[in-house]
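Enquirer: First the structure, then my questions, so here it is.
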Amino acid sequence: MELESRVGRQLNARQLLGGELESLRQKKVVLLGAPGSGKTTLMSYFAVMLAQQNNVSIDSAAVGYSDPPQPPLKRGEIGALNKDSDNNALGLNSNIDWLPILIKIRDLARQPDISILDYVRQFAEDTMAVKHLPEGFFNYWLEDGRALILLDGLDEVAEEGKRYQVVRRIENFLGQYKQNRAIITSRPAGYKRDFFKTQEFPHYQLQPFNDNQIEEFINRWYDSRVPDKAEAERRKQSLRTALSDNPRIQLLARNPLLLTIIALIHRYQAHLPKERYKLYDKAVETLLTSWDANKELTNQTELKYLELDDLRRLMEVLAYWIHTQGSSEDKEGGTLIEKDDLIDQLSREIQTLKQIQRYEAKKEAERFVNFIRERTGLLNEQGQDYYAFVHKTFQEYLCAQEIDYQADNEGDFDIILDHIREHLHDPHWREVLLLLIAQQKPKKAAKAIRAILQNKSEYESWLHRDLFWAGTLLTENIKGLKGADKGLVEEILARLVELEVSDKARVCERVRQKVYEIFCHLNETEFEAQALEFLKARVETIDEGRLLKYRAVLGEQEAVIDILLLRLKDEDYWGRFWAVHDLGKLGQGKERVVNALLVCLNDPELRVRCSAAHALRELGQSSEAIVNTLLSHFNDESSGMRTSAARALGKLGRGSEKIINTLLSRLKDENYFMRSSAIDALGELGQGSETVVNALLLHLDDKNSRVRFSTAYALGELGENSERVINALLLRLDDEDAGVRGLTAEALGKLGQGIERVVNALLLCLDDQDDQNDQDELDVMVRTIAMEALGKLGQGTETVVNAVLLRLDDENSYIRSWVSRALGQLGQGTERVINALLSHLDDESGVRYSVANALGKLGQGSEKVVNALLSRLDDDDSKVRDSAAEALGKLGKNNPDILPLIVQWIKQHHDSDYIGCGIDALWDMVATD
């Protein structure tokens, strides 16, 4: 399980508990995560692992839950956490006994008149039935600093006023026992940044599963459920193929809860439906009937009037009603509904459905809500007396089902068309409409798509949103469209191709990207071959490289690989370079591609050799031949090739003890080329074990500056920010080599969040100068890297902002550019900062680009800022134009007054070569497709 700080640095849960909390003065963090991302699972896992391993003196395992959950083998994957059997696996000192105290914040909030310490003791004695708890038991652990305090679910306190009250209680409690580690979890929806100050409580975001974690989940899922190894492997491969064949379902699989549901469906059904609406149908069915065999849903006796067959129908009605109440605060969570409103709405529906008295319907509604929440998990209590669907996907699918039911029941297809016309470009309704249209019979689906094409949405001549909606529906692979409306598919594809080949300035970059996206998503649909035929017919007007990409995606990958392999013999090294680059994107699992790339590692042109190493890195395939060949290039005469080979081997070595040990052995080599290359490789591992970090720290004092340079970079990449790592890096800020000082500053920018002495040290680097040698360019490099590091840390204090602002008038334009970027990252959009940035919108192009970018990030859409950015939409430099357009797009999302100004600009510049920049800005403001 991986986390990411608000400044973009990633770490795993072991690093959070160990190095991260250890390095922080306050030893406490806030952990934010979307619904189903694993917040409660992770907290429960920490608690149970510590309680089981240390055998703490409480009858039950962890304090805080009456039924401690087991390690999450079924819910998700906890990365390296479950590989070891001692506290060190959690990143904690294995020589110390730890007491986990797990508190459900929602339950704590219901008892506002007692202290948190009294609540914990009361919970242990009353709910967990712990007997003979010694006097001062919890005080003993807390005062000794050996408690891990896990406060789960701040978002579940629904009322904002009560949430602030519980925040103050938590702050007071943690302040009283500040020597203990603490983690507070919440969903992003409803969380306010002023609950806990980021200077005292660094904030982290639970990351979605990556491809490797999904793969590990699949392996563990079937290894633990299917005893026959051959059958387990067959099922694993079947599930892998099903996910890779459907990008949208693969996206859902990045959420641990939804991946679990997908795996359940695959286990019981032996395959996954390719159509999304069919998959969601099976998911709902699974949740209602198969989620837990022990729950025996078919034999339920909790409901008095409702039967099992009524549940789905009620969920559809409920989903539609909830969806019409408005959008949610985040993309994944369903719309929050108060319990009283929910019961009231259900009462009406049950009264009508079962023809019973209103008071009877209300009691049945209450029983229904409890039943669905406790027995299916489809509807969850998201806060005190607030409810929502477990994931917005289910709300959207069931809402679509209800619209379809209404149209079918009334025999009136206009009900569907009316919903399309009313909500076509509303992002809250996008998935509902896609799922609704995709499941229609061919003639009805064609009629709906025709209605979309003829919708004449606002700005259609510039943004083509109606056309893109129709094209997106083709990617849903609706069966029988060609027979239902012969010319429909041809019309859509022809219009998309015209945008692809157009050289008109008004076909902006966002539009071209959307065209490319739609064509690529037509792979493995009924329209794949036809789409490629349309594109090939315009071979003379489509960029050759772009057409090759289309061919590779749309069914001709092997033919494209043949072409690229031939180009490896091209006399022009640029031809070989791009062929190698593209093979790295296409050659997954293909031995002939890997062998060809290994040959290219010895190409006479350095760029080709480096590209080949990068391509092997992208392919991610490790073999003895690849490892040995890459190792042989650690002695290459070119530092660029050594670095490329090292980083390729580092990525391939993730999880391979053999490769890691080989790299560690190379650290003792007399040749500094070999030592620095091995360190570069170790920096690519993604996370550093204690052995790796200790080995690297030794080389921060290496006699060779290139080795020290690589070591500083590697430590920054590994993300280990323990006190000894920070202290060692701080010493290198005085290194005699400017390159080492620069890479050290960069590493501290990744590791030093919330550490005041790091910020102060970086501020001193803003005046970096080598007194012994004339190295103006290198000194500038150090100062700019320090500037970027301060920006990444996001410590926008007055002292930092003032120090950075002083450099905005530096005589070196490179420094002025980096100052502008840093000001944007620091996030302090005061009038003084804004005015200073605006004064440099007439500076050199690199500075103008950075200033426009910073103004977009600071979010101050005042009239003078907007007018200044508008004036840059016809800048001589294309990068400045793009930066200004992007900034205006960001500002326009929060300021509706900007939209008419952009529209006016576009109309006034309709003959300009730069009109596309204005349309790009408009796209960012209004396009949701």
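The way I read the labels, and the way they are meant: chains A, B, ... in the order of the structure tokens, residue 1 as the first residue of every chain, and ligand 1 as the first ligand shown, with later ones counted on from there.
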Which neighbours of A:Arg675 fall inside 9 Å, counting only C-alpha atoms, when residues of the same chain fewer than 4 positions from it are skipped, and could you give them as a PDB file with all heavy atoms, in the first residue's frame?

Expert:
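The file below, around09.pdb, is the result:
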```
ATOM      1  N   PHE A 634      27.923  -0.570 -16.942  1.00  0.00           N
ATOM      2  CA  PHE A 634      28.273   0.280 -15.807  1.00  0.00           C
ATOM      3  C   PHE A 634      29.667   0.879 -15.996  1.00  0.00           C
ATOM      4  O   PHE A 634      30.023   1.846 -15.331  1.00  0.00           O
ATOM      5  CB  PHE A 634      28.234  -0.535 -14.507  1.00  0.00           C
ATOM      6  CG  PHE A 634      26.848  -0.702 -13.929  1.00  0.00           C
ATOM      7  CD1 PHE A 634      25.722  -0.585 -14.720  1.00  0.00           C
ATOM      8  CD2 PHE A 634      26.675  -0.978 -12.582  1.00  0.00           C
ATOM      9  CE1 PHE A 634      24.449  -0.751 -14.194  1.00  0.00           C
ATOM     10  CE2 PHE A 634      25.411  -1.135 -12.036  1.00  0.00           C
ATOM     11  CZ  PHE A 634      24.286  -1.031 -12.844  1.00  0.00           C
ATOM     12  N   LEU A 663      24.049  -5.536  -6.916  1.00  0.00           N
ATOM     13  CA  LEU A 663      24.321  -4.087  -6.911  1.00  0.00           C
ATOM     14  C   LEU A 663      25.087  -3.676  -5.653  1.00  0.00           C
ATOM     15  O   LEU A 663      26.023  -2.867  -5.725  1.00  0.00           O
ATOM     16  CB  LEU A 663      23.002  -3.315  -7.007  1.00  0.00           C
ATOM     17  CG  LEU A 663      22.249  -3.444  -8.331  1.00  0.00           C
ATOM     18  CD1 LEU A 663      20.863  -2.818  -8.227  1.00  0.00           C
ATOM     19  CD2 LEU A 663      23.032  -2.789  -9.468  1.00  0.00           C
ATOM     20  N   ARG A 666      28.713  -4.303  -5.911  1.00  0.00           N
ATOM     21  CA  ARG A 666      29.434  -3.390  -6.798  1.00  0.00           C
ATOM     22  C   ARG A 666      29.827  -2.083  -6.087  1.00  0.00           C
ATOM     23  O   ARG A 666      30.641  -1.322  -6.599  1.00  0.00           O
ATOM     24  CB  ARG A 666      28.584  -3.043  -8.027  1.00  0.00           C
ATOM     25  CG  ARG A 666      28.286  -4.210  -8.955  1.00  0.00           C
ATOM     26  CD  ARG A 666      29.549  -4.810  -9.551  1.00  0.00           C
ATOM     27  NE  ARG A 666      29.298  -5.666 -10.710  1.00  0.00           N
ATOM     28  CZ  ARG A 666      28.975  -6.944 -10.648  1.00  0.00           C
ATOM     29  NH1 ARG A 666      28.846  -7.530  -9.465  1.00  0.00           N
ATOM     30  NH2 ARG A 666      28.797  -7.653 -11.750  1.00  0.00           N
ATOM     31  N   LEU A 667      29.249  -1.836  -4.917  1.00  0.00           N
ATOM     32  CA  LEU A 667      29.601  -0.618  -4.186  1.00  0.00           C
ATOM     33  C   LEU A 667      31.034  -0.647  -3.673  1.00  0.00           C
ATOM     34  O   LEU A 667      31.594   0.394  -3.315  1.00  0.00           O
ATOM     35  CB  LEU A 667      28.643  -0.414  -3.000  1.00  0.00           C
ATOM     36  CG  LEU A 667      27.165  -0.186  -3.347  1.00  0.00           C
ATOM     37  CD1 LEU A 667      26.358   0.047  -2.074  1.00  0.00           C
ATOM     38  CD2 LEU A 667      27.005   1.002  -4.289  1.00  0.00           C
ATOM     39  N   LYS A 668      31.637  -1.834  -3.641  1.00  0.00           N
ATOM     40  CA  LYS A 668      33.016  -1.970  -3.159  1.00  0.00           C
ATOM     41  C   LYS A 668      34.040  -1.920  -4.293  1.00  0.00           C
ATOM     42  O   LYS A 668      35.234  -2.031  -4.051  1.00  0.00           O
ATOM     43  CB  LYS A 668      33.157  -3.289  -2.397  1.00  0.00           C
ATOM     44  CG  LYS A 668      32.217  -3.400  -1.204  1.00  0.00           C
ATOM     45  CD  LYS A 668      32.286  -4.783  -0.567  1.00  0.00           C
ATOM     46  CE  LYS A 668      31.290  -4.906   0.573  1.00  0.00           C
ATOM     47  NZ  LYS A 668      31.302  -6.270   1.175  1.00  0.00           N
ATOM     48  N   ASP A 669      33.544  -1.750  -5.511  1.00  0.00           N
ATOM     49  CA  ASP A 669      34.446  -1.746  -6.661  1.00  0.00           C
ATOM     50  C   ASP A 669      35.385  -0.545  -6.601  1.00  0.00           C
ATOM     51  O   ASP A 669      35.009   0.549  -6.179  1.00  0.00           O
ATOM     52  CB  ASP A 669      33.611  -1.694  -7.949  1.00  0.00           C
ATOM     53  CG  ASP A 669      34.403  -2.159  -9.158  1.00  0.00           C
ATOM     54  OD1 ASP A 669      35.276  -1.378  -9.613  1.00  0.00           O
ATOM     55  OD2 ASP A 669      34.152  -3.272  -9.649  1.00  0.00           O
ATOM     56  N   GLU A 670      36.636  -0.737  -7.033  1.00  0.00           N
ATOM     57  CA  GLU A 670      37.604   0.362  -7.031  1.00  0.00           C
ATOM     58  C   GLU A 670      37.277   1.409  -8.081  1.00  0.00           C
ATOM     59  O   GLU A 670      37.633   2.581  -7.942  1.00  0.00           O
ATOM     60  CB  GLU A 670      39.009  -0.201  -7.268  1.00  0.00           C
ATOM     61  CG  GLU A 670      39.524  -1.058  -6.127  1.00  0.00           C
ATOM     62  CD  GLU A 670      40.951  -1.501  -6.375  1.00  0.00           C
ATOM     63  OE1 GLU A 670      41.525  -1.088  -7.421  1.00  0.00           O
ATOM     64  OE2 GLU A 670      41.505  -2.233  -5.544  1.00  0.00           O
ATOM     65  N   ASN A 671      36.589   0.999  -9.136  1.00  0.00           N
ATOM     66  CA  ASN A 671      36.244   1.912 -10.218  1.00  0.00           C
ATOM     67  C   ASN A 671      35.033   2.756  -9.808  1.00  0.00           C
ATOM     68  O   ASN A 671      33.951   2.226  -9.527  1.00  0.00           O
ATOM     69  CB  ASN A 671      35.922   1.090 -11.475  1.00  0.00           C
ATOM     70  CG  ASN A 671      35.724   1.969 -12.697  1.00  0.00           C
ATOM     71  OD1 ASN A 671      35.261   3.098 -12.598  1.00  0.00           O
ATOM     72  ND2 ASN A 671      36.076   1.429 -13.862  1.00  0.00           N
ATOM     73  N   ILE A 679      24.903   2.694  -7.418  1.00  0.00           N
ATOM     74  CA  ILE A 679      24.091   3.571  -6.559  1.00  0.00           C
ATOM     75  C   ILE A 679      22.905   4.124  -7.340  1.00  0.00           C
ATOM     76  O   ILE A 679      21.781   4.194  -6.825  1.00  0.00           O
ATOM     77  CB  ILE A 679      24.968   4.706  -5.983  1.00  0.00           C
ATOM     78  CG1 ILE A 679      25.947   4.121  -4.964  1.00  0.00           C
ATOM     79  CG2 ILE A 679      24.107   5.790  -5.361  1.00  0.00           C
ATOM     80  CD1 ILE A 679      27.024   5.082  -4.520  1.00  0.00           C
ATOM     81  N   ASP A 680      23.132   4.530  -8.591  1.00  0.00           N
ATOM     82  CA  ASP A 680      22.023   4.989  -9.436  1.00  0.00           C
ATOM     83  C   ASP A 680      20.943   3.909  -9.535  1.00  0.00           C
ATOM     84  O   ASP A 680      19.742   4.200  -9.488  1.00  0.00           O
ATOM     85  CB  ASP A 680      22.521   5.338 -10.840  1.00  0.00           C
ATOM     86  CG  ASP A 680      23.273   6.666 -10.878  1.00  0.00           C
ATOM     87  OD1 ASP A 680      23.023   7.511  -9.996  1.00  0.00           O
ATOM     88  OD2 ASP A 680      24.101   6.839 -11.788  1.00  0.00           O
ATOM     89  N   HIS A 699      28.439   6.023   1.423  1.00  0.00           N
ATOM     90  CA  HIS A 699      29.017   6.603   0.209  1.00  0.00           C
ATOM     91  C   HIS A 699      28.718   8.091   0.049  1.00  0.00           C
ATOM     92  O   HIS A 699      29.127   8.684  -0.946  1.00  0.00           O
ATOM     93  CB  HIS A 699      28.556   5.807  -1.011  1.00  0.00           C
ATOM     94  CG  HIS A 699      29.205   4.467  -1.106  1.00  0.00           C
ATOM     95  ND1 HIS A 699      30.429   4.275  -1.674  1.00  0.00           N
ATOM     96  CD2 HIS A 699      28.813   3.252  -0.655  1.00  0.00           C
ATOM     97  CE1 HIS A 699      30.772   2.999  -1.589  1.00  0.00           C
ATOM     98  NE2 HIS A 699      29.804   2.357  -0.973  1.00  0.00           N
ATOM     99  N   VAL A 707      30.296   9.820  -7.190  1.00  0.00           N
ATOM    100  CA  VAL A 707      29.650   8.835  -6.324  1.00  0.00           C
ATOM    101  C   VAL A 707      28.779   9.544  -5.288  1.00  0.00           C
ATOM    102  O   VAL A 707      27.644   9.123  -5.019  1.00  0.00           O
ATOM    103  CB  VAL A 707      30.703   7.944  -5.635  1.00  0.00           C
ATOM    104  CG1 VAL A 707      30.025   6.971  -4.661  1.00  0.00           C
ATOM    105  CG2 VAL A 707      31.509   7.175  -6.673  1.00  0.00           C
TER     106      VAL A 707
END
```

Enquirer: Excluding A:Gly650 and any residue of its chain fewer than 3 positions from it, enumerate the residues within 12 Å of it, using only C-alpha atoms, and give them as a PyMOL selection string.

Expert: chain A and resi 613-614+616-618+620+622+627+630-631+643-647+653-664+677-688+714+717-718

Enquirer: Excluding stretch 488-499 of chain A and any residue of its chain fewer than 5 positions from it, enumerate the residues within 8 Å of it, using only C-alpha atoms, and give them as a list in words.

Expert: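 Those residues are Ala446, Arg450, Leu467, Ala470, Gly471, Leu474, Leu481, Lys482, Val507, Val511, Arg512, Val515, Ala531, Phe534 and Leu535 of chain A.
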
Enquirer: Could you list, as a compact mmCIF listing (two decimals) with N, CA and C atoms, in the first residue's frame, every residue within 6 Å of stretch 372-376 of chain A, counting only C-alpha atoms and ignoring same-chain residues fewer than 4 positions away?

Expert:
```
# COMPACT_ATOMS: atom_id res chain seq x y z
N LEU A 287 -23.01 -8.53 -4.57
CA LEU A 287 -23.15 -7.87 -3.27
C LEU A 287 -24.46 -8.26 -2.58
N LEU A 288 -25.51 -8.44 -3.37
CA LEU A 288 -26.80 -8.74 -2.78
C LEU A 288 -26.97 -10.21 -2.43
N ASN A 380 -23.57 2.34 2.58
CA ASN A 380 -22.77 2.47 3.79
C ASN A 380 -23.12 3.73 4.57
```

Enquirer: Excluding A:Ser244 and its own-chain neighbours fewer than 4 positions away, which residues fall within 12 Å of it when counting only C-alpha atoms? Please give them as number ranges by chain.

Expert: A: 211, 214-215, 237-240, 248-253, 272, 274, 523-524

Enquirer: Dump N, CA and C atoms for the selected residues as a short mmCIF file (atom, residue, chain, number, x, y, z; two decimals), in the first residue's frame?

Expert:
```cif
data_model
loop_
_atom_site.label_atom_id
_atom_site.label_comp_id
_atom_site.auth_asym_id
_atom_site.auth_seq_id
_atom_site.Cartn_x
_atom_site.Cartn_y
_atom_site.Cartn_z
N ASP A 211 -0.07 -1.46 -11.05
CA ASP A 211 -0.16 -2.75 -11.76
C ASP A 211 0.45 -3.89 -10.96
N ILE A 214 -1.95 -4.88 -8.11
CA ILE A 214 -3.08 -5.64 -8.63
C ILE A 214 -2.66 -7.07 -8.92
N GLU A 215 -1.48 -7.22 -9.51
CA GLU A 215 -0.96 -8.56 -9.83
C GLU A 215 -0.77 -9.38 -8.54
N GLN A 237 -4.66 -16.14 -14.76
CA GLN A 237 -4.43 -15.63 -16.11
C GLN A 237 -5.73 -15.14 -16.74
N SER A 238 -6.82 -15.84 -16.46
CA SER A 238 -8.12 -15.43 -16.97
C SER A 238 -8.51 -14.06 -16.43
N LEU A 239 -8.28 -13.83 -15.15
CA LEU A 239 -8.62 -12.53 -14.55
C LEU A 239 -7.70 -11.44 -15.06
N ARG A 240 -6.40 -11.75 -15.20
CA ARG A 240 -5.46 -10.76 -15.75
C ARG A 240 -5.91 -10.32 -17.15
N ARG A 248 -11.49 0.48 -18.68
CA ARG A 248 -12.33 1.09 -17.64
C ARG A 248 -12.46 0.18 -16.43
N ILE A 249 -12.60 -1.11 -16.66
CA ILE A 249 -12.68 -2.05 -15.55
C ILE A 249 -11.32 -2.12 -14.85
N GLN A 250 -10.26 -2.02 -15.62
CA GLN A 250 -8.92 -2.01 -15.03
C GLN A 250 -8.75 -0.80 -14.12
N LEU A 251 -9.35 0.32 -14.51
CA LEU A 251 -9.29 1.52 -13.67
C LEU A 251 -10.03 1.29 -12.36
N LEU A 252 -11.18 0.63 -12.41
CA LEU A 252 -11.91 0.31 -11.18
C LEU A 252 -11.08 -0.59 -10.27
N ALA A 253 -10.30 -1.47 -10.88
CA ALA A 253 -9.52 -2.44 -10.11
C ALA A 253 -8.43 -1.78 -9.28
N LEU A 272 -15.24 -12.50 -16.56
CA LEU A 272 -15.80 -11.15 -16.39
C LEU A 272 -16.49 -10.74 -17.67
N LYS A 274 -17.41 -8.44 -20.67
CA LYS A 274 -16.63 -7.37 -21.29
C LYS A 274 -17.37 -6.03 -21.26
N ASN A 523 -10.15 -0.15 -29.82
CA ASN A 523 -9.51 -1.46 -29.99
C ASN A 523 -10.38 -2.56 -29.38
N GLU A 524 -10.42 -3.69 -30.08
CA GLU A 524 -11.19 -4.86 -29.69
C GLU A 524 -12.69 -4.57 -29.58
#
```

Enquirer: Please give the complete set of residues from stretch 155-200 of chain A that DSSP, run on the backbone, assigns to helix (DSSP H, G or I), formatted as a PyMOL selection string.

Expert: chain A and resi 155-156+160-176

Enquirer: For the residues in that selection, give me N, CA and C atoms as an mmCIF file, in the first residue's frame.

Expert:
```
data_model
loop_
_atom_site.group_PDB
_atom_site.id
_atom_site.type_symbol
_atom_site.label_atom_id
_atom_site.label_comp_id
_atom_site.auth_asym_id
_atom_site.auth_seq_id
_atom_site.Cartn_x
_atom_site.Cartn_y
_atom_site.Cartn_z
ATOM 1 N N ASP A 155 -14.223 11.635 8.826
ATOM 2 C CA ASP A 155 -15.324 12.025 7.939
ATOM 3 C C ASP A 155 -16.663 11.451 8.388
ATOM 4 N N GLU A 156 -16.632 10.408 9.232
ATOM 5 C CA GLU A 156 -17.874 9.782 9.658
ATOM 6 C C GLU A 156 -18.615 10.603 10.707
ATOM 7 N N GLU A 160 -20.550 19.287 10.747
ATOM 8 C CA GLU A 160 -19.266 19.995 10.723
ATOM 9 C C GLU A 160 -18.892 20.542 12.095
ATOM 10 N N GLY A 161 -19.874 21.086 12.809
ATOM 11 C CA GLY A 161 -19.586 21.635 14.138
ATOM 12 C C GLY A 161 -19.055 20.580 15.074
ATOM 13 N N LYS A 162 -19.661 19.395 15.055
ATOM 14 C CA LYS A 162 -19.197 18.301 15.908
ATOM 15 C C LYS A 162 -17.826 17.816 15.466
ATOM 16 N N ARG A 163 -17.580 17.908 14.151
ATOM 17 C CA ARG A 163 -16.279 17.475 13.644
ATOM 18 C C ARG A 163 -15.171 18.371 14.191
ATOM 19 N N TYR A 164 -15.425 19.673 14.210
ATOM 20 C CA TYR A 164 -14.433 20.588 14.783
ATOM 21 C C TYR A 164 -14.217 20.295 16.270
ATOM 22 N N GLN A 165 -15.299 19.965 16.972
ATOM 23 C CA GLN A 165 -15.172 19.662 18.397
ATOM 24 C C GLN A 165 -14.307 18.436 18.632
ATOM 25 N N VAL A 166 -14.536 17.392 17.831
ATOM 26 C CA VAL A 166 -13.750 16.170 18.015
ATOM 27 C C VAL A 166 -12.302 16.391 17.594
ATOM 28 N N VAL A 167 -12.068 17.266 16.625
ATOM 29 C CA VAL A 167 -10.694 17.615 16.236
ATOM 30 C C VAL A 167 -9.956 18.242 17.415
ATOM 31 N N ARG A 168 -10.643 19.165 18.112
ATOM 32 C CA ARG A 168 -10.009 19.813 19.274
ATOM 33 C C ARG A 168 -9.722 18.783 20.369
ATOM 34 N N ARG A 169 -10.632 17.834 20.567
ATOM 35 C CA ARG A 169 -10.409 16.789 21.579
ATOM 36 C C ARG A 169 -9.196 15.945 21.217
ATOM 37 N N ILE A 170 -9.100 15.609 19.939
ATOM 38 C CA ILE A 170 -7.957 14.804 19.492
ATOM 39 C C ILE A 170 -6.654 15.582 19.674
ATOM 40 N N GLU A 171 -6.666 16.856 19.285
ATOM 41 C CA GLU A 171 -5.456 17.671 19.431
ATOM 42 C C GLU A 171 -5.013 17.740 20.888
ATOM 43 N N ASN A 172 -5.969 17.944 21.799
ATOM 44 C CA ASN A 172 -5.632 18.032 23.227
ATOM 45 C C ASN A 172 -5.063 16.714 23.731
ATOM 46 N N PHE A 173 -5.690 15.611 23.309
ATOM 47 C CA PHE A 173 -5.229 14.295 23.744
ATOM 48 C C PHE A 173 -3.829 14.002 23.237
ATOM 49 N N LEU A 174 -3.595 14.251 21.952
ATOM 50 C CA LEU A 174 -2.271 13.986 21.382
ATOM 51 C C LEU A 174 -1.230 14.948 21.939
ATOM 52 N N GLY A 175 -1.652 16.155 22.265
ATOM 53 C CA GLY A 175 -0.727 17.100 22.881
ATOM 54 C C GLY A 175 -0.301 16.659 24.271
ATOM 55 N N GLN A 176 -1.219 16.016 24.972
ATOM 56 C CA GLN A 176 -0.910 15.532 26.316
ATOM 57 C C GLN A 176 0.072 14.368 26.281
#
```

Enquirer: Go ahead and compute the interatomic distance for atom CA of A:Asp702 and atom CA of A:Ala786, in Å to one decimal.

Expert: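 Atom-to-atom, atom CA of A:Asp702 to atom CA of A:Ala786, that is 22.8 Å.
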
Enquirer: Using only C-alpha atoms for the distances, tell me which of A:Lys339, A:Lys27, A:Arg816, A:His428 is nearest to A:Val780.

Expert: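 With only C-alpha atoms as the atom set, the closest residue is A:Arg816.
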
Enquirer: Using only C-alpha atoms, which protein or nucleic acid residues come within 12 Å of A:Val608? Drop anything in the same chain fewer than 6 positions from it, and give the result as a PDB file with C-alpha atoms, in the first residue's frame.

Expert:
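Full text of out_10.pdb as output:
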```
ATOM      1  CA  LEU A 568      16.777  -0.515 -36.332  1.00  0.00           C
ATOM      2  CA  LYS A 569      19.028  -0.918 -39.399  1.00  0.00           C
ATOM      3  CA  ASP A 570      18.377   2.641 -40.588  1.00  0.00           C
ATOM      4  CA  ASP A 572      20.009   7.711 -39.795  1.00  0.00           C
ATOM      5  CA  TYR A 573      20.483   7.348 -36.048  1.00  0.00           C
ATOM      6  CA  TRP A 574      17.283   9.315 -35.365  1.00  0.00           C
ATOM      7  CA  GLY A 575      15.346   6.618 -37.203  1.00  0.00           C
ATOM      8  CA  ARG A 576      16.969   3.983 -34.997  1.00  0.00           C
ATOM      9  CA  PHE A 577      16.386   6.100 -31.889  1.00  0.00           C
ATOM     10  CA  TRP A 578      12.630   6.449 -32.446  1.00  0.00           C
ATOM     11  CA  ALA A 579      12.276   2.807 -33.470  1.00  0.00           C
ATOM     12  CA  VAL A 580      13.884   1.757 -30.176  1.00  0.00           C
ATOM     13  CA  HIS A 581      11.675   4.197 -28.270  1.00  0.00           C
ATOM     14  CA  LEU A 597      17.037  -4.057 -27.886  1.00  0.00           C
ATOM     15  CA  LEU A 598      19.973  -5.885 -26.286  1.00  0.00           C
ATOM     16  CA  VAL A 599      21.835  -5.556 -29.594  1.00  0.00           C
ATOM     17  CA  CYS A 600      21.015  -1.831 -29.652  1.00  0.00           C
ATOM     18  CA  LEU A 601      22.791  -1.381 -26.315  1.00  0.00           C
ATOM     19  CA  ASN A 602      25.979  -1.532 -28.414  1.00  0.00           C
ATOM     20  CA  HIS A 614      15.235   3.010 -21.281  1.00  0.00           C
ATOM     21  CA  ALA A 615      13.117   0.749 -23.490  1.00  0.00           C
ATOM     22  CA  GLY A 640      24.696   9.118 -19.776  1.00  0.00           C
ATOM     23  CA  MET A 641      24.852   5.465 -20.800  1.00  0.00           C
ATOM     24  CA  SER A 644      20.552   4.807 -18.285  1.00  0.00           C
TER      25      SER A 644
END
```

Enquirer: Taking only C-alpha atoms into account, name the residue in A:Glu528, A:Asp875, A:Asp734, A:Glu746 that is nearest to A:Val759.

Expert: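 With only C-alpha atoms as the atom set, the closest residue is A:Glu746.
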